[in-house]
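Everything on this sheet refers to the single structure shown next.
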Amino acid sequence: MLHFFHGVMGSSKTAQLLMQRYNYQQLGLKVALVKPAIDTRAGVNVVYSRIGLEAKAEIVLDADTPVREQLAWLAVQQAHNTFQYVFVDEAQFLTESQVQELADLADTLEIYCYGLKTDFMGQFFPGSAALLRLAEDIQEVSGSLCWCGRKATMNTRVDADGNVVRTGEQVVIDNHQDFRYIGLCYRHWREGKSHA
């Protein structure tokens, strides 16, 4: 089954992924950890949560890398036939064809994708749009709050002075620029108000 867990920045998506993966590994299950190559915040092959949890990804996917091929290669490297569970962090950065491939693989695997639903402009990422179409199980990872105390539903790019940024490339990793991402409620995202 293909699962998609989505939430805004700061909702602990990666922390939940890493905890679930750890629990499955402790049971002796065959687990693969996957991430897109574009996410370089903590290193090319590191899956990192802002609360400090991290793990090494066994597979790092470029946009043109087939998922099935990489899982087959990894199974050979780890001397077993196949995986039972696949965990994908930052799944919004997958391509539509990679998500289609995951959906096809989900006939025999449990695949857990964690990521953002929309970008800082309120638009779907290609990977998220495909997951919303193809995942059999879609759940929101809630818990992130806007500065006003309401539920945060929108991802927001803010500059060093806290000003909401409305233009720019869809994908810019925040450790390479002088800005950060926060979650806001729809009202304050619409108004461009990142603090009281």
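By order in the structure tokens, chains are A, B, ...; within a chain, residues start at 1; ligands start at 1, following the order shown.
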Hey, what does DSSP flag as alpha helix (DSSP H) within range 25-169 of chain A? Can you give it to me as number ranges by chain? A: 25-26, 67-77, 96-105, 126-134
Saved selection, atoms kept: C-alpha atoms, as an mmCIF file, in the first residue's frame:
```cif
data_model
loop_
_atom_site.group_PDB
_atom_site.id
_atom_site.type_symbol
_atom_site.label_atom_id
_atom_site.label_comp_id
_atom_site.auth_asym_id
_atom_site.auth_seq_id
_atom_site.Cartn_x
_atom_site.Cartn_y
_atom_site.Cartn_z
ATOM 1 C CA GLN A 25 14.030 -2.308 12.233
ATOM 2 C CA GLN A 26 13.887 -3.410 15.880
ATOM 3 C CA VAL A 67 13.070 3.623 -7.825
ATOM 4 C CA ARG A 68 12.613 -0.087 -8.664
ATOM 5 C CA GLU A 69 16.171 -0.323 -9.980
ATOM 6 C CA GLN A 70 17.615 1.249 -6.828
ATOM 7 C CA LEU A 71 15.618 -1.024 -4.497
ATOM 8 C CA ALA A 72 16.779 -4.104 -6.441
ATOM 9 C CA TRP A 73 20.395 -2.908 -6.225
ATOM 10 C CA LEU A 74 20.111 -2.269 -2.482
ATOM 11 C CA ALA A 75 18.552 -5.684 -1.837
ATOM 12 C CA VAL A 76 21.557 -7.309 -3.517
ATOM 13 C CA GLN A 77 23.974 -5.131 -1.515
ATOM 14 C CA GLU A 96 5.524 12.223 -11.011
ATOM 15 C CA SER A 97 7.063 9.143 -12.667
ATOM 16 C CA GLN A 98 8.830 8.144 -9.417
ATOM 17 C CA VAL A 99 5.531 8.372 -7.530
ATOM 18 C CA GLN A 100 3.853 6.292 -10.244
ATOM 19 C CA GLU A 101 6.612 3.721 -9.817
ATOM 20 C CA LEU A 102 6.071 3.675 -6.039
ATOM 21 C CA ALA A 103 2.333 3.200 -6.571
ATOM 22 C CA ASP A 104 3.071 0.214 -8.818
ATOM 23 C CA LEU A 105 5.535 -1.240 -6.287
ATOM 24 C CA PRO A 126 4.728 17.630 -8.517
ATOM 25 C CA GLY A 127 5.485 14.756 -6.129
ATOM 26 C CA SER A 128 2.743 15.786 -3.706
ATOM 27 C CA ALA A 129 0.167 16.175 -6.473
ATOM 28 C CA ALA A 130 0.980 12.686 -7.724
ATOM 29 C CA LEU A 131 0.818 11.243 -4.198
ATOM 30 C CA LEU A 132 -2.554 12.880 -3.584
ATOM 31 C CA ARG A 133 -3.800 11.186 -6.756
ATOM 32 C CA LEU A 134 -2.228 7.760 -6.278
#
```
For His6 in chain A, please output as a list in words all residues within 8 Å (counting only C-alpha atoms; exclusion window: fewer than 6 positions along the same chain). Lys13, Tyr114, Gly115, Leu116, Lys117, Ile138, Gln139, Glu140 and Val141 of chain A
Give one line per residue of range 37-150 of chain A that approaches range 166-170 of chain A to at most 8 Å, naming the two atoms of the closest pair and their distance in Å to one decimal, counting only C-alpha atoms; sort by chain then ascending residue number and deliver it as JSON lines.
```
{"residue": "A:Asp119", "atom": "CA", "partner": "A:Gln170", "partner_atom": "CA", "distance": 6.6}
{"residue": "A:Phe120", "atom": "CA", "partner": "A:Arg166", "partner_atom": "CA", "distance": 7.3}
{"residue": "A:Met121", "atom": "CA", "partner": "A:Arg166", "partner_atom": "CA", "distance": 6.3}
```
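All residues of range 11-119 of chain A that DSSP, run on the backbone, classes as strand (DSSP E or B) are Val31, Ala32, Leu33, Val34, Lys35, Pro36, Arg41, Gly43, Val46, Val47, Tyr48, Glu54, Ala55, Lys56, Ile59, Val60, Leu61, Tyr85, Val86, Phe87, Val88, Glu110, Ile111, Tyr112, Cys113, Tyr114, Gly115 and Thr118 of chain A.
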Create the file for the chosen residues now, containing N, CA and C atoms and written as a PDB file, in the first residue's frame.
```
ATOM      1  N   VAL A  31      13.836  -2.941   5.857  1.00  0.00           N
ATOM      2  CA  VAL A  31      13.388  -1.564   5.658  1.00  0.00           C
ATOM      3  C   VAL A  31      14.406  -0.806   4.813  1.00  0.00           C
ATOM      4  N   ALA A  32      13.911  -0.003   3.869  1.00  0.00           N
ATOM      5  CA  ALA A  32      14.780   0.874   3.074  1.00  0.00           C
ATOM      6  C   ALA A  32      14.397   2.322   3.344  1.00  0.00           C
ATOM      7  N   LEU A  33      15.394   3.170   3.548  1.00  0.00           N
ATOM      8  CA  LEU A  33      15.176   4.599   3.760  1.00  0.00           C
ATOM      9  C   LEU A  33      15.629   5.343   2.511  1.00  0.00           C
ATOM     10  N   VAL A  34      14.725   6.134   1.939  1.00  0.00           N
ATOM     11  CA  VAL A  34      14.941   6.792   0.651  1.00  0.00           C
ATOM     12  C   VAL A  34      14.748   8.298   0.825  1.00  0.00           C
ATOM     13  N   LYS A  35      15.531   9.066   0.074  1.00  0.00           N
ATOM     14  CA  LYS A  35      15.328  10.513   0.044  1.00  0.00           C
ATOM     15  C   LYS A  35      15.712  11.054  -1.325  1.00  0.00           C
ATOM     16  N   PRO A  36      15.111  12.165  -1.740  1.00  0.00           N
ATOM     17  CA  PRO A  36      15.512  12.815  -2.986  1.00  0.00           C
ATOM     18  C   PRO A  36      16.862  13.508  -2.833  1.00  0.00           C
ATOM     19  N   ARG A  41      20.087  19.553   3.078  1.00  0.00           N
ATOM     20  CA  ARG A  41      20.187  20.341   4.313  1.00  0.00           C
ATOM     21  C   ARG A  41      21.201  19.784   5.292  1.00  0.00           C
ATOM     22  N   GLY A  43      23.244  17.035   4.548  1.00  0.00           N
ATOM     23  CA  GLY A  43      24.169  16.184   3.805  1.00  0.00           C
ATOM     24  C   GLY A  43      23.409  15.405   2.750  1.00  0.00           C
ATOM     25  N   VAL A  46      21.800  12.111   4.279  1.00  0.00           N
ATOM     26  CA  VAL A  46      21.311  12.153   5.660  1.00  0.00           C
ATOM     27  C   VAL A  46      19.849  12.589   5.693  1.00  0.00           C
ATOM     28  N   VAL A  47      19.041  11.798   6.384  1.00  0.00           N
ATOM     29  CA  VAL A  47      17.657  12.179   6.671  1.00  0.00           C
ATOM     30  C   VAL A  47      17.685  12.754   8.079  1.00  0.00           C
ATOM     31  N   TYR A  48      17.268  14.013   8.195  1.00  0.00           N
ATOM     32  CA  TYR A  48      17.462  14.753   9.436  1.00  0.00           C
ATOM     33  C   TYR A  48      16.170  15.434   9.863  1.00  0.00           C
ATOM     34  N   GLU A  54      18.345  11.608  13.279  1.00  0.00           N
ATOM     35  CA  GLU A  54      18.854  11.488  11.922  1.00  0.00           C
ATOM     36  C   GLU A  54      19.227  10.050  11.620  1.00  0.00           C
ATOM     37  N   ALA A  55      19.302   9.744  10.328  1.00  0.00           N
ATOM     38  CA  ALA A  55      19.693   8.418   9.867  1.00  0.00           C
ATOM     39  C   ALA A  55      20.264   8.550   8.466  1.00  0.00           C
ATOM     40  N   LYS A  56      21.036   7.568   8.085  1.00  0.00           N
ATOM     41  CA  LYS A  56      21.618   7.567   6.747  1.00  0.00           C
ATOM     42  C   LYS A  56      20.630   6.918   5.776  1.00  0.00           C
ATOM     43  N   ILE A  59      19.116   4.933  -0.041  1.00  0.00           N
ATOM     44  CA  ILE A  59      18.927   5.303  -1.449  1.00  0.00           C
ATOM     45  C   ILE A  59      18.702   6.804  -1.533  1.00  0.00           C
ATOM     46  N   VAL A  60      19.465   7.456  -2.410  1.00  0.00           N
ATOM     47  CA  VAL A  60      19.300   8.877  -2.690  1.00  0.00           C
ATOM     48  C   VAL A  60      18.928   8.988  -4.165  1.00  0.00           C
ATOM     49  N   LEU A  61      17.739   9.526  -4.420  1.00  0.00           N
ATOM     50  CA  LEU A  61      17.195   9.556  -5.774  1.00  0.00           C
ATOM     51  C   LEU A  61      17.406  10.889  -6.484  1.00  0.00           C
ATOM     52  N   TYR A  85       9.315  -2.861   3.666  1.00  0.00           N
ATOM     53  CA  TYR A  85       8.867  -1.499   3.940  1.00  0.00           C
ATOM     54  C   TYR A  85       9.849  -0.505   3.332  1.00  0.00           C
ATOM     55  N   VAL A  86       9.301   0.536   2.741  1.00  0.00           N
ATOM     56  CA  VAL A  86      10.107   1.610   2.179  1.00  0.00           C
ATOM     57  C   VAL A  86       9.609   2.914   2.798  1.00  0.00           C
ATOM     58  N   PHE A  87      10.536   3.713   3.319  1.00  0.00           N
ATOM     59  CA  PHE A  87      10.228   5.018   3.898  1.00  0.00           C
ATOM     60  C   PHE A  87      10.882   6.091   3.042  1.00  0.00           C
ATOM     61  N   VAL A  88      10.080   7.049   2.574  1.00  0.00           N
ATOM     62  CA  VAL A  88      10.577   8.124   1.715  1.00  0.00           C
ATOM     63  C   VAL A  88      10.376   9.453   2.428  1.00  0.00           C
ATOM     64  N   GLU A 110       4.913  -2.102   1.543  1.00  0.00           N
ATOM     65  CA  GLU A 110       4.300  -0.999   2.280  1.00  0.00           C
ATOM     66  C   GLU A 110       5.237   0.188   2.117  1.00  0.00           C
ATOM     67  N   ILE A 111       4.753   1.247   1.487  1.00  0.00           N
ATOM     68  CA  ILE A 111       5.579   2.402   1.183  1.00  0.00           C
ATOM     69  C   ILE A 111       5.006   3.621   1.896  1.00  0.00           C
ATOM     70  N   TYR A 112       5.830   4.225   2.748  1.00  0.00           N
ATOM     71  CA  TYR A 112       5.418   5.371   3.551  1.00  0.00           C
ATOM     72  C   TYR A 112       6.157   6.614   3.049  1.00  0.00           C
ATOM     73  N   CYS A 113       5.431   7.539   2.458  1.00  0.00           N
ATOM     74  CA  CYS A 113       5.995   8.791   1.966  1.00  0.00           C
ATOM     75  C   CYS A 113       5.594   9.922   2.908  1.00  0.00           C
ATOM     76  N   TYR A 114       6.564  10.711   3.302  1.00  0.00           N
ATOM     77  CA  TYR A 114       6.333  11.862   4.171  1.00  0.00           C
ATOM     78  C   TYR A 114       6.798  13.113   3.448  1.00  0.00           C
ATOM     79  N   GLY A 115       5.974  14.162   3.484  1.00  0.00           N
ATOM     80  CA  GLY A 115       6.398  15.385   2.834  1.00  0.00           C
ATOM     81  C   GLY A 115       5.388  16.504   2.935  1.00  0.00           C
ATOM     82  N   THR A 118       2.039  21.455  -0.147  1.00  0.00           N
ATOM     83  CA  THR A 118       2.148  22.641  -0.991  1.00  0.00           C
ATOM     84  C   THR A 118       3.422  23.416  -0.684  1.00  0.00           C
TER      85      THR A 118
END
```
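For the choices A:Arg21, A:Ala160, A:Gly192, A:Val165, the atom-to-atom distance to Phe179 in chain A is smallest for A:Ala160 when using only C-alpha atoms.
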Can you list, as a PyMOL selection string, every protein, DNA or RNA residue that comes within 10 Å of Asp159 in chain A when you count only C-alpha atoms, leaving out same-chain residues fewer than 4 positions away? chain A and resi 163-165+177-181
Would you put the residues from that selection into a file with C-alpha atoms, as a PDB file, in the first residue's frame?
```pdb
ATOM      1  CA  ASN A 163       9.109  39.277   6.044  1.00  0.00           C
ATOM      2  CA  VAL A 164       6.971  36.829   4.066  1.00  0.00           C
ATOM      3  CA  VAL A 165       8.518  36.059   0.663  1.00  0.00           C
ATOM      4  CA  GLN A 177      19.912  30.937   1.604  1.00  0.00           C
ATOM      5  CA  ASP A 178      19.215  33.747   4.032  1.00  0.00           C
ATOM      6  CA  PHE A 179      15.653  32.693   4.780  1.00  0.00           C
ATOM      7  CA  ARG A 180      13.702  29.971   6.546  1.00  0.00           C
ATOM      8  CA  TYR A 181      10.364  28.218   6.296  1.00  0.00           C
TER       9      TYR A 181
END
```
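If you measure from each of A:Gly162, A:Cys185, A:Ala196, A:Thr108 to Met1 in chain A using only C-alpha atoms, the closest one turns out to be A:Thr108.
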Would you mind listing what lies within 10 Å of Ile51 in chain A as a ChimeraX atom specification, with only C-alpha atoms counted and same-chain residues fewer than 4 positions away left out? /A:10,12,14-15
Write the residues you've just listed into a file as a compact mmCIF listing (two decimals), in the first residue's frame, and include N, CA and C atoms for each of them.
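For reference, again_15.txt as written:
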```txt
# COMPACT_ATOMS: atom_id res chain seq x y z
N GLY A 10 7.60 22.05 10.32
CA GLY A 10 7.55 22.01 11.77
C GLY A 10 6.52 21.06 12.36
N SER A 12 6.79 17.79 12.43
CA SER A 12 7.50 16.58 12.87
C SER A 12 7.32 15.39 11.92
N THR A 14 9.44 14.24 9.56
CA THR A 14 10.65 13.42 9.49
C THR A 14 10.89 12.69 10.80
N ALA A 15 10.62 13.33 11.92
CA ALA A 15 10.78 12.66 13.22
C ALA A 15 9.88 11.43 13.29
```
In Å and to one decimal, CA of Asp39 in chain A is distant from CA of Asn155 in chain A by 16.7 Å
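In this comparison, which uses only C-alpha atoms, the residue of A:Glu136, A:Thr82, A:Ala37, A:Ile182 approaching Ala152 in chain A most closely is A:Ile182.
Ranking A:Phe125, A:Leu53, A:Met19, A:Val8 by their shortest atom-to-atom distance to Leu184 in chain A, with only C-alpha atoms included, puts A:Val8 first.
Nearest to Asn45 in chain A of all the residues A:Gly122, A:Gly28, A:Gly7, A:Asp89 is A:Asp89, based on only C-alpha atoms.
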Between CA of Leu2 in chain A and CA of Thr40 in chain A, what distance in Å does the model show, to one decimal? 24.9 Å
